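Visitor: Before I ask anything, let me first share the structure, which is written out below as structure tokens.
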Amino acid sequence: MNLLDAVLWLPLAGFVLLLLIPRERVRAIRQFALGITTATFLLSLALLVGFDRTSAAFQYETNLPWISSPEIRYHIGIDGISLWLVLLTTLLSPIGVLISWQHIDRRVKEFFALFLAMEFGLIGVFVALDLFLFYVFWEVSLVPMYFLIGVWGHERRIYAAVKFFIYTMTGSVLMLAGIIYLYIRAGTFDYPALIEMMMNGSLMLDRMEQNLLFAGFFAAFAIKVPLFPLHTWLPDAHVEAPTAGSVMLASVMLKMGCYGLLRFCLPMFPAAARGAAPWIVMLAIAGILYGALVAMVQPNMKKLVAYTSVSHLGFVVLGLFTFTELGTNGAVYQMLNHGISTGALFALVGFLYERRHSLEIEDYGGVATPAPVLATMFLITSLASMGLPVLNNFVGEYLVLQGAAQVNFRWAVFAAIGVILAACYMLWMYQRVFYGEARKDFSMRDANLREWAVMSPLIILMVWMGTYTQTFLPPITASSAAILEQTKVNVEFHVERQMPRQELANAR
Amino acid sequence: MPANFVPPSGVEYIRVLPEIILAAVATLIMVLEPLTPAPRKRALGYLALAGFAGALAGAAAAGWRTGPAFSGMLEVDGFATFFRLLVILAGLLVTLVSFPYLRREEAESGEYYALLLYSVAGQTIMVSAADLIVLFIGLEISSIASYVLAGYMRREKLANEAAAKYFLLGSFATAFLLYGIALIYGATGTTRLNGIAQVLSDPRMAPAGILTGTAVALMLVGFAFKISAAPFQVWAPDVYQGAPSPVAAFLAAGPKAAAFAVLLRVFMTAFAPLTGRWLAIMWSLSLLTMIVGNFAALLQTNIKRLLAYSSIAHAGYVLVAVTAHSEEGVQAAMFYLTVYVFMNIGAFAVVAYFSRKGERYVEIEDLAGLGVRQPVLAALFAVILLSLIGVPPTAGFLGKFYIFQAAVKADLLWLTVLGLLNSAVAAYYYLRLIVIMYMKEPGDSLLELPGMAVSTRAALWTSAAAVVVLGLFPALIR
Amino acid sequence: MNPMWIDTLFFYFFALLVLGGGVATITCKSAVHSAISLIVSMVGVAGLFLLQHAEFLFAVQIVLYIGGVMVLFLFVIMLVNLDESMQMRQFNRQWLLAVAAVIAAGVQAVWLLSKPADLPAAVPQVPGGPGNVQRVADVLFSQYLLPFEIASVLLLAAVIGSVVMAKKRL
């Protein structure tokens, strides 16, 4: 039992204890949920203290037998990548509770119970080092989200919830087939052991096997990311979910897919991953451009933000499949950035909704006059989201683009168009909502204390991550370098350097 | 008396202890039935409950003294003991669900409990049979009692239809089975399972392929009917819909598990030498069953019919384990059937409780708002439904995992992928129940919803707890 | 005269009774006629038993099936009002399917019989020894003791089932 176990199990303990609180005591329930999530966050901050920032090894490991036949172990641990993802989850959980403070006014007990259960599942996904355990957490996190959308969502919530569940389930059963196959071949679910066996050659998957396994895992992760054209569940789920649901979905749940790609798809099936990389990159770029273009014409704020997710996560996938250190670092950094800034955007849209009860852009206008603080918060977040230097997204996008340029310069060019488009849609929305004639037909109060509490940590992080990357990057670099090392095992590949046109001509 | 006759020894009687207890208690109930005044019929139910409990102990005692009994007609081994305990437990849980149901429908009688006990006795005989004759008689005891139970509510039109359909098609199926048994006896000269295997695997004695092939096919038809595998599944939805809910729970639990046990035993021992010939049939049978069950379930509006199709689909998953024809496959099937018994009885317990007198509320839409009015009950039901979908950490997931693990090990990759995709399809119709329970506003169907009776509550809690506990600690029964 | 020849003649005679009776049972419109046709069919089966030197089974067939079961059948038929069903159309109208099934089964049987080597050898007759009834009893009460006993459970369950179905009060 170490610190990481405590971080993982505290939300579940909270879930069980919360069930014991009588449902009428709404206030107590809210306070309890906030207490648990905050305590979890503080505990997880303590993880930083003992963390060796230069090592790529898994730390805070716990490895206990769970089921004997087949050999399934409760094996958890974190490296430099999952550390930040765990922290992202634990940070956004109390924020999610605060966002839902007044927004959720019916069946409060169920909401916060499910919220805690979801936090448990999400943390579990990022710390599991046993494939079976990973799958268990993967599904465990799915169920509460399904309820959050379906019970507390907007009008078309049921359609969105079921679509979300079925999409994810379809992908994950394919992954399950892959996991089972891998177990039969290797005799273990243990992730470090599997990687070890692949590194030292005692487990050799031929190309056919790799392709099929890669396809199985990739299906699950690509749906979750979501990679164009598998993204269609995302706008529905985001728009219909309650604000806290959208925040958790965008900030953390989508990272599960990216994390899975990085943790499992790349190092375990390197040959297949490298073989498929050009096609996947194509899809990623298509997603970047498509998401941005569709976002531009959305009349609904939430839908707009949802499509920006498709675009931003395209960057992550692009970065991962460049197989360069810069690209991978950038992808991980972008995962965190997207978690912070898109989470903040959804929260802000939620605040607007609480005031006006509308998500349509045309219902707003001139909000900056009565609510200058809110407008400032929104502006900073928008600027962060579109990748302005000094703010966080810039760093990630820059790294990804540079990584992409190392492999194929055209990739970087196309992807960069997405950055430009991001500026267009964000600023245009900002202009329509906050400037112009102030609408008189509703009262617009400025940010209250609770909203301050939600936004200030996020905004601080946006600036911090944009200016002082040294806090965050070294552990990421150590771990992603190790993963990249693993992707070179048993792979016959040659990096085709794109010859610049001039050289080509000279050669002739 | 023939010179070589040895009277059965004492230990052999211990090995049939559960059957003795079940049959004796059933007969006792019938003796007491006319002496019991109508308002006190419940006492006979308690007696049945005690009978099941005693039979559980008996089965445990028999399992402790494993070995053959009655000139090798029965083989009480670990496999038999496992299934004996399972079907008796199913009977016990169904009895618990039946108490308030029968009282509500004003249909309490000793016959109901006696038939339940007889049916379970038939199943315990089936699962421990080492001879096709005993197997057949056990199957018939189980079937005849269940035909009557299906039509127990004689005044209901649907119940009549259910019983008639079940009886006619069931008799037809057992005729197929009997025909197959006759042919296999003709071909091999024995009805002993291991004797058949011996003859079939001996190249000098191996009889004509066409004869044994026909026999295997005919017996497979008989078994496929009993486990409601497609294309022999048409009876199941009508029967489950027409039968009283506790009986529907019973049909999908005990007889089905027992039939699977018999299928496994016959095909893994007697017909093991012919594996190459029935494997392809089993492969397509399982795929077809999964597809028919899951896709038909998508269209249902009646909960009982939906559960019927779901039970067909689950039979398909277990058939995947049979197709794997390995030690792992058998174990996976055993685990899955156990889990399924709990999930199924739990689900039908909710239906039995919720439907109200005359089973008026059995449409899916009627569940609307149950999550608000009865949060605990709805949560238990939701756990069971999630387990039916196969979401970890419930036992339903682990069961599927074991099955498909065995399948992958047996190189059934495509069957695994198609089966898993099927379970994603299945998610849709189970989710619909959850959606309506939790996400729809309560309607008229929730007016005058009485509290749940203690015994139903016990059955539901047991099922839900078993589903969770087995999901976390499968080693308890493996 | 060759006794084998007579045996063969009798076999075909009884087989004709069995099949003819069976066909008549399912084609007759009147339930009484059907029942009587069934009796004819069962007499044929009894005759076949006799040809196999299974005297005990022959007697059982005559006494139980023709004597007991069929009389009960006729009783029930007399008790139930059948005029209505006479008016109704029979619902066994899938002639084509039935003919196809019968032809398929026939082809199968012919094929099976055309390869006599494949059939298992006939069980040799035990010369002398105890009589037929005693031999049946020996096996029934030793080796087949359990099936014999549990068959009574089966019958009991069936009896109770019919009581449930017939009971006035429920």
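Just so we're on the same page: first chain in the structure tokens is A, next is B, and so on; residues restart at 1 for each chain, and ligands are numbered from 1 in the order they show up.
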Please check the contacts: residues of chain B at most 6 Å away from chain A, using only C-alpha atoms, listed as a list in words.

Guide: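 Close enough to count are Pro392, Gln405, Leu420, Ala424 and Met439 of chain B.
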
Visitor: With the cut-off set at 7 Å and counting only C-alpha atoms, tabulate each residue of chain B with an atom at most that distance from an atom of chain C, showing the nearest atom pair and its distance in Å to one decimal, ordered by chain and increasing number, as CSV.

Guide:
```
residue,atom,partner,partner_atom,distance
B:Met1,CA,C:Asp138,CA,5.9
B:Pro2,CA,C:Asp138,CA,6.1
B:Phe5,CA,C:Ser142,CA,6.2
B:Phe70,CA,C:Leu146,CA,6.3
B:Ser71,CA,C:Gln143,CA,5.8
B:Ala107,CA,C:Leu170,CA,5.5
B:Glu111,CA,C:Ile160,CA,6.8
B:Leu115,CA,C:Ala157,CA,6.5
B:Tyr118,CA,C:Ala157,CA,6.5
B:Ile133,CA,C:Pro147,CA,6.9
B:Val134,CA,C:Pro147,CA,5.4
B:Ile137,CA,C:Ala151,CA,6.5
B:Glu140,CA,C:Leu154,CA,7.0
B:Ile141,CA,C:Leu154,CA,4.8
B:Ile144,CA,C:Ala158,CA,6.4
B:Ala145,CA,C:Ala157,CA,6.1
B:Val148,CA,C:Gly161,CA,5.5
B:Ala187,CA,C:Pro120,CA,6.0
B:Pro207,CA,C:Asp118,CA,6.6
B:Ala208,CA,C:Asp118,CA,5.0
```

Visitor: Could you pull out all residues of range 224-453 of chain B with a DSSP call of alpha helix (DSSP H) and give them as number ranges by chain?

Guide: B: 224-226, 235-242, 245-265, 275-298, 303-323, 327-354, 370-373, 375-389, 395-409, 413-439

Visitor: Hey, what's within 10 Å of Arg15 in chain B if we count only C-alpha atoms and toss same-chain stuff fewer than 4 positions away? As a ChimeraX atom specification, please?

Guide: /B:10-11,19-20,58-70,74-77,81,128

Visitor: Considering only C-alpha atoms, return as a VMD selection string whatever protein or nucleic-acid residues lie within 7 Å of Ser286 in chain B, sequence-local ones (same chain, fewer than 4 positions apart) excluded.

Guide: chain B and resid 282 290 316 to 317 319 to 320

Visitor: Restricting it to N, CA and C atoms, dump the selection as an mmCIF file, in the first residue's frame.

Guide:
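Final file, again-v8.cif:
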```cif
data_model
loop_
_atom_site.group_PDB
_atom_site.id
_atom_site.type_symbol
_atom_site.label_atom_id
_atom_site.label_comp_id
_atom_site.auth_asym_id
_atom_site.auth_seq_id
_atom_site.Cartn_x
_atom_site.Cartn_y
_atom_site.Cartn_z
ATOM 1 N N MET B 282 -20.947 -27.224 -34.591
ATOM 2 C CA MET B 282 -21.025 -26.490 -33.328
ATOM 3 C C MET B 282 -20.626 -25.034 -33.549
ATOM 4 N N MET B 290 -25.873 -16.798 -31.368
ATOM 5 C CA MET B 290 -25.552 -15.461 -30.863
ATOM 6 C C MET B 290 -26.232 -14.397 -31.711
ATOM 7 N N GLY B 316 -25.596 -18.994 -26.987
ATOM 8 C CA GLY B 316 -24.601 -18.913 -28.057
ATOM 9 C C GLY B 316 -23.197 -18.732 -27.517
ATOM 10 N N TYR B 317 -23.050 -17.882 -26.503
ATOM 11 C CA TYR B 317 -21.714 -17.685 -25.935
ATOM 12 C C TYR B 317 -21.192 -18.993 -25.336
ATOM 13 N N LEU B 319 -21.988 -21.916 -26.204
ATOM 14 C CA LEU B 319 -21.650 -22.832 -27.298
ATOM 15 C C LEU B 319 -20.256 -22.527 -27.858
ATOM 16 N N VAL B 320 -19.845 -21.272 -27.770
ATOM 17 C CA VAL B 320 -18.471 -20.957 -28.184
ATOM 18 C C VAL B 320 -17.493 -21.754 -27.331
#
```

Visitor: Which polymer residues have any atom within 8 Å of an atom of range 164-179 of chain B, counting only C-alpha atoms, with same-chain residues fewer than 4 positions away left out, as a PDB file with C-alpha atoms, in the first residue's frame?

Guide:
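For reference, part03.pdb as written:
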```
ATOM      1  CA  PHE B 136     -32.815 -39.589 -21.263  1.00  0.00           C
ATOM      2  CA  GLU B 140     -37.762 -36.327 -19.499  1.00  0.00           C
ATOM      3  CA  SER B 143     -38.937 -31.580 -19.185  1.00  0.00           C
ATOM      4  CA  ILE B 144     -42.340 -32.942 -18.274  1.00  0.00           C
ATOM      5  CA  TYR B 147     -43.986 -28.253 -19.443  1.00  0.00           C
ATOM      6  CA  ALA B 150     -44.958 -23.303 -17.965  1.00  0.00           C
ATOM      7  CA  GLY B 151     -48.711 -23.716 -18.228  1.00  0.00           C
ATOM      8  CA  ASN B 160     -51.843 -22.160 -22.402  1.00  0.00           C
ATOM      9  CA  LEU B 183     -28.982 -45.277 -33.572  1.00  0.00           C
ATOM     10  CA  ALA B 215     -26.930 -40.327 -34.536  1.00  0.00           C
ATOM     11  CA  LEU B 218     -30.073 -36.232 -34.148  1.00  0.00           C
ATOM     12  CA  MET B 219     -28.853 -35.993 -30.575  1.00  0.00           C
ATOM     13  CA  LEU B 220     -27.473 -32.552 -31.264  1.00  0.00           C
ATOM     14  CA  VAL B 221     -30.907 -31.473 -32.466  1.00  0.00           C
ATOM     15  CA  GLY B 222     -32.407 -32.720 -29.226  1.00  0.00           C
ATOM     16  CA  PHE B 223     -29.884 -30.903 -27.074  1.00  0.00           C
ATOM     17  CA  PHE B 225     -33.672 -27.544 -28.546  1.00  0.00           C
ATOM     18  CA  LYS B 226     -33.184 -27.826 -24.818  1.00  0.00           C
ATOM     19  CA  TRP B 235     -40.217 -21.848 -28.741  1.00  0.00           C
ATOM     20  CA  VAL B 239     -42.782 -19.900 -23.635  1.00  0.00           C
TER      21      VAL B 239
END
```

Visitor: If we count only C-alpha atoms and set the cut-off at 7 Å, which residues sit around range 10-22 of chain C, ignoring sequence neighbours fewer than 4 positions away in its own chain? Please answer as an mmCIF file with C-alpha atoms, in the first residue's frame.

Guide:
```cif
data_model
loop_
_atom_site.group_PDB
_atom_site.id
_atom_site.type_symbol
_atom_site.label_atom_id
_atom_site.label_comp_id
_atom_site.auth_asym_id
_atom_site.auth_seq_id
_atom_site.Cartn_x
_atom_site.Cartn_y
_atom_site.Cartn_z
ATOM 1 C CA ILE C 6 -42.355 -67.307 -43.788
ATOM 2 C CA ILE C 26 -52.461 -38.805 -39.208
ATOM 3 C CA SER C 37 -55.600 -46.819 -36.951
ATOM 4 C CA LEU C 38 -53.103 -46.316 -34.200
ATOM 5 C CA VAL C 40 -53.555 -51.299 -35.996
ATOM 6 C CA SER C 41 -50.101 -49.768 -36.100
ATOM 7 C CA MET C 42 -49.349 -50.955 -32.577
ATOM 8 C CA GLY C 44 -47.961 -54.404 -36.163
ATOM 9 C CA VAL C 45 -45.223 -53.411 -33.740
ATOM 10 C CA GLY C 47 -46.015 -58.637 -34.287
ATOM 11 C CA LEU C 48 -42.511 -57.419 -35.044
#
```

Visitor: So how many Å separate CA of Gly369 in chain B and CA of Arg23 in chain A, to one decimal?

Guide: 16.8 Å

Visitor: Pick out the residues sitting within 7 Å of Ala160 in chain A, and hand them over as a ChimeraX atom specification; count only C-alpha atoms, and ignore anything fewer than 4 positions along from it in its own chain.

Guide: /A:156,164,236-237,240

Visitor: Atoms to include: N, CA and C atoms. Write the selected residues as a PDB file, in the first residue's frame.

Guide:
```
ATOM      1  N   ARG A 156     -31.451  15.675 -25.955  1.00  0.00           N
ATOM      2  CA  ARG A 156     -31.225  14.420 -26.687  1.00  0.00           C
ATOM      3  C   ARG A 156     -30.223  13.549 -25.939  1.00  0.00           C
ATOM      4  N   PHE A 164     -22.688   6.934 -27.316  1.00  0.00           N
ATOM      5  CA  PHE A 164     -21.386   6.947 -26.657  1.00  0.00           C
ATOM      6  C   PHE A 164     -21.009   5.554 -26.177  1.00  0.00           C
ATOM      7  N   ASP A 236     -22.198  14.754 -30.122  1.00  0.00           N
ATOM      8  CA  ASP A 236     -23.453  14.445 -29.429  1.00  0.00           C
ATOM      9  C   ASP A 236     -23.235  14.329 -27.930  1.00  0.00           C
ATOM     10  N   ALA A 237     -22.215  13.546 -27.566  1.00  0.00           N
ATOM     11  CA  ALA A 237     -21.980  13.318 -26.145  1.00  0.00           C
ATOM     12  C   ALA A 237     -21.652  14.631 -25.441  1.00  0.00           C
ATOM     13  N   GLU A 240     -24.768  17.057 -25.186  1.00  0.00           N
ATOM     14  CA  GLU A 240     -25.865  16.629 -24.322  1.00  0.00           C
ATOM     15  C   GLU A 240     -25.432  16.460 -22.873  1.00  0.00           C
TER      16      GLU A 240
END
```

Visitor: How far is it from CA of Ala482 in chain A to CA of Asn211 in chain A, in Å with one decimal?

Guide: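 Atom-to-atom, CA of Ala482 in chain A to CA of Asn211 in chain A, that is 22.3 Å.
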